[in-house]
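One structure below.
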Amino acid sequence: MAVTVVVPSVLADVAGGRTEFEVPDAEATTVRAALDAVAAQFPVLGRRLRDERGSLRRHVNVYLGGESVRSLQGLETHVAAGQEVLVIQSIAGG
């Protein structure tokens, strides 16, 4: 079984037109590993999600099982086969 990574449609232009990625569960044991697998295929997408230190950008929120990974173990949060990693970008206005 795979882990599914879902990104917002606004990022599809840097992800080959895709918003959903299947990552083999052996490669996606943590949120970090799942994002690494997608970023390996689409480096610009990876840079939009994480900074040069590999941390999530402030405006990027990642959820696993309906919970923000920031309130769990961050990027080191364990991902099980069949789970969905949902990426949502904050929208700022003024």
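We name chains A, B, ... following the order of the structure tokens; residues begin at 1 in each chain, and ligands are numbered from 1 as shown.
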For this session: Would you kindly return, as a list in words, each protein, DNA or RNA residue with an atom no farther than 8 Å from any atom of A:Leu86, considering only C-alpha atoms and excluding same-chain residues fewer than 5 positions away?
Result: Val5, Val6, Val7, Val62, Tyr63 and Leu64 of chain A
Could the residues in this selection be saved with C-alpha atoms as a short mmCIF file (atom, residue, chain, number, x, y, z; two decimals), in the first residue's frame?
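After the write, again09.cif holds the following:
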```
data_model
loop_
_atom_site.label_atom_id
_atom_site.label_comp_id
_atom_site.auth_asym_id
_atom_site.auth_seq_id
_atom_site.Cartn_x
_atom_site.Cartn_y
_atom_site.Cartn_z
CA VAL A 5 0.48 13.15 -0.66
CA VAL A 6 -2.07 15.79 -1.69
CA VAL A 7 -1.03 19.36 -2.52
CA VAL A 62 0.54 19.71 6.71
CA TYR A 63 -2.11 17.39 8.11
CA LEU A 64 -2.11 13.67 8.80
#
```
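Every protein, DNA or RNA residue with an atom at most 12 Å from A:Asp13, where only C-alpha atoms count and chain neighbours fewer than 4 positions away do not, is listed here: Val7, Pro8, Ser9, Gly17, Arg18, Thr19, Phe42, Val44, Leu45 and Arg48 of chain A.
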I need the chosen residues saved as a PDB file, in the first residue's frame, with C-alpha atoms.
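Now in out_19.pdb:
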```
ATOM      1  CA  VAL A   7      -1.028  19.358  -2.521  1.00  0.00           C
ATOM      2  CA  PRO A   8      -3.247  22.366  -3.330  1.00  0.00           C
ATOM      3  CA  SER A   9      -4.142  22.996  -6.959  1.00  0.00           C
ATOM      4  CA  GLY A  17       0.030  19.487 -13.303  1.00  0.00           C
ATOM      5  CA  ARG A  18      -0.591  17.001 -10.502  1.00  0.00           C
ATOM      6  CA  THR A  19      -2.065  17.505  -7.055  1.00  0.00           C
ATOM      7  CA  PHE A  42       9.516  17.998  -8.393  1.00  0.00           C
ATOM      8  CA  VAL A  44      10.527  23.407  -7.206  1.00  0.00           C
ATOM      9  CA  LEU A  45       7.509  22.038  -5.350  1.00  0.00           C
ATOM     10  CA  ARG A  48       7.771  25.884  -2.082  1.00  0.00           C
TER      11      ARG A  48
END
```
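The space separating atom CA of A:Val3 from atom CA of A:Ala80 comes to 7.3 Å.
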Exercise. Between A:Ala15, A:Ala26, A:Val10, A:Ala34, which one has atoms that come closest to A:Thr77, using only C-alpha atoms?
Worked result: A:Ala34
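Distances here use only C-alpha atoms; by that measure, the residue among A:Leu35, A:Leu11, A:Glu20, A:Asn61 closest to A:Val79 is A:Leu35.
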Problem set entry | Option closest in space to A:Val31, from A:Arg58, A:Arg70, A:His78, A:Arg50 [counting only C-alpha atoms] | A:His78
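Within chain A, DSSP applied to the backbone places the following residues in strand (DSSP E): Ala2, Val3, Thr4, Val5, Val6, Glu20, Phe21, Glu22, Val23, Pro24, Val60, Asn61, Val62, Tyr63, Leu64, Glu67, Ser68, Glu84, Val85, Leu86, Val87, Ile88 and Gln89 of chain A.
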Go ahead and save the residues from that selection, with N, CA and C atoms, as a PDB file, in the first residue's frame.
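Listed below is the output, again_23.pdb:
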```
ATOM      1  N   ALA A   2       0.333   2.303  -0.526  1.00  0.00           N
ATOM      2  CA  ALA A   2       1.090   3.551  -0.635  1.00  0.00           C
ATOM      3  C   ALA A   2       0.560   4.595   0.332  1.00  0.00           C
ATOM      4  N   VAL A   3       1.336   5.642   0.467  1.00  0.00           N
ATOM      5  CA  VAL A   3       0.939   6.842   1.189  1.00  0.00           C
ATOM      6  C   VAL A   3       0.595   7.868   0.113  1.00  0.00           C
ATOM      7  N   THR A   4      -0.485   8.595   0.285  1.00  0.00           N
ATOM      8  CA  THR A   4      -0.891   9.609  -0.680  1.00  0.00           C
ATOM      9  C   THR A   4      -0.511  10.983  -0.150  1.00  0.00           C
ATOM     10  N   VAL A   5       0.158  11.766  -0.989  1.00  0.00           N
ATOM     11  CA  VAL A   5       0.480  13.154  -0.661  1.00  0.00           C
ATOM     12  C   VAL A   5      -0.389  14.024  -1.564  1.00  0.00           C
ATOM     13  N   VAL A   6      -1.167  14.910  -0.951  1.00  0.00           N
ATOM     14  CA  VAL A   6      -2.067  15.789  -1.695  1.00  0.00           C
ATOM     15  C   VAL A   6      -1.613  17.229  -1.478  1.00  0.00           C
ATOM     16  N   GLU A  20      -1.887  15.123  -6.628  1.00  0.00           N
ATOM     17  CA  GLU A  20      -1.895  13.921  -5.798  1.00  0.00           C
ATOM     18  C   GLU A  20      -0.762  12.995  -6.222  1.00  0.00           C
ATOM     19  N   PHE A  21      -0.061  12.472  -5.226  1.00  0.00           N
ATOM     20  CA  PHE A  21       1.099  11.624  -5.475  1.00  0.00           C
ATOM     21  C   PHE A  21       1.021  10.382  -4.611  1.00  0.00           C
ATOM     22  N   GLU A  22       1.280   9.236  -5.192  1.00  0.00           N
ATOM     23  CA  GLU A  22       1.344   7.982  -4.453  1.00  0.00           C
ATOM     24  C   GLU A  22       2.809   7.683  -4.181  1.00  0.00           C
ATOM     25  N   VAL A  23       3.151   7.531  -2.906  1.00  0.00           N
ATOM     26  CA  VAL A  23       4.523   7.229  -2.504  1.00  0.00           C
ATOM     27  C   VAL A  23       4.505   5.848  -1.863  1.00  0.00           C
ATOM     28  N   PRO A  24       5.343   4.921  -2.341  1.00  0.00           N
ATOM     29  CA  PRO A  24       5.368   3.597  -1.710  1.00  0.00           C
ATOM     30  C   PRO A  24       5.596   3.724  -0.207  1.00  0.00           C
ATOM     31  N   VAL A  60       2.872  27.078   5.149  1.00  0.00           N
ATOM     32  CA  VAL A  60       2.511  25.730   4.714  1.00  0.00           C
ATOM     33  C   VAL A  60       2.065  24.919   5.930  1.00  0.00           C
ATOM     34  N   ASN A  61       0.894  24.338   5.828  1.00  0.00           N
ATOM     35  CA  ASN A  61       0.359  23.487   6.891  1.00  0.00           C
ATOM     36  C   ASN A  61       0.217  22.076   6.333  1.00  0.00           C
ATOM     37  N   VAL A  62       0.607  21.106   7.128  1.00  0.00           N
ATOM     38  CA  VAL A  62       0.539  19.711   6.709  1.00  0.00           C
ATOM     39  C   VAL A  62      -0.283  18.950   7.750  1.00  0.00           C
ATOM     40  N   TYR A  63      -1.215  18.144   7.253  1.00  0.00           N
ATOM     41  CA  TYR A  63      -2.110  17.390   8.115  1.00  0.00           C
ATOM     42  C   TYR A  63      -1.986  15.898   7.834  1.00  0.00           C
ATOM     43  N   LEU A  64      -2.104  15.123   8.891  1.00  0.00           N
ATOM     44  CA  LEU A  64      -2.110  13.674   8.800  1.00  0.00           C
ATOM     45  C   LEU A  64      -3.235  13.187   9.695  1.00  0.00           C
ATOM     46  N   GLU A  67      -5.017  15.912  11.731  1.00  0.00           N
ATOM     47  CA  GLU A  67      -4.242  16.642  12.746  1.00  0.00           C
ATOM     48  C   GLU A  67      -3.055  17.339  12.091  1.00  0.00           C
ATOM     49  N   SER A  68      -2.807  18.553  12.514  1.00  0.00           N
ATOM     50  CA  SER A  68      -1.635  19.267  12.031  1.00  0.00           C
ATOM     51  C   SER A  68      -0.384  18.558  12.534  1.00  0.00           C
ATOM     52  N   GLU A  84      -3.065   9.548   4.271  1.00  0.00           N
ATOM     53  CA  GLU A  84      -2.971  10.688   3.368  1.00  0.00           C
ATOM     54  C   GLU A  84      -2.286  11.842   4.082  1.00  0.00           C
ATOM     55  N   VAL A  85      -1.270  12.392   3.426  1.00  0.00           N
ATOM     56  CA  VAL A  85      -0.576  13.587   3.904  1.00  0.00           C
ATOM     57  C   VAL A  85      -1.148  14.746   3.093  1.00  0.00           C
ATOM     58  N   LEU A  86      -1.834  15.650   3.778  1.00  0.00           N
ATOM     59  CA  LEU A  86      -2.513  16.761   3.107  1.00  0.00           C
ATOM     60  C   LEU A  86      -1.752  18.050   3.347  1.00  0.00           C
ATOM     61  N   VAL A  87      -1.364  18.711   2.262  1.00  0.00           N
ATOM     62  CA  VAL A  87      -0.637  19.980   2.339  1.00  0.00           C
ATOM     63  C   VAL A  87      -1.608  21.096   2.001  1.00  0.00           C
ATOM     64  N   ILE A  88      -1.651  22.114   2.873  1.00  0.00           N
ATOM     65  CA  ILE A  88      -2.521  23.275   2.646  1.00  0.00           C
ATOM     66  C   ILE A  88      -1.683  24.530   2.852  1.00  0.00           C
ATOM     67  N   GLN A  89      -1.781  25.455   1.933  1.00  0.00           N
ATOM     68  CA  GLN A  89      -1.090  26.735   2.077  1.00  0.00           C
ATOM     69  C   GLN A  89      -2.007  27.749   2.725  1.00  0.00           C
TER      70      GLN A  89
END
```
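Shortest separation to A:Gly66 among A:Met1, A:Glu52, A:Gln83, A:Ala39 occurs at residue A:Gln83, atoms counted being only C-alpha atoms.
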Exercise. If you measure from atom CA of A:Asp36 to atom CA of A:Gly54, what distance in Å do you get, rounded to one decimal?
Worked result: 9.5 Å
Exercise. Mind checking DSSP for chain A and telling me the alpha helix (DSSP H) residues as a PyMOL selection string?
Worked result: chain A and resi 31-41+43-49
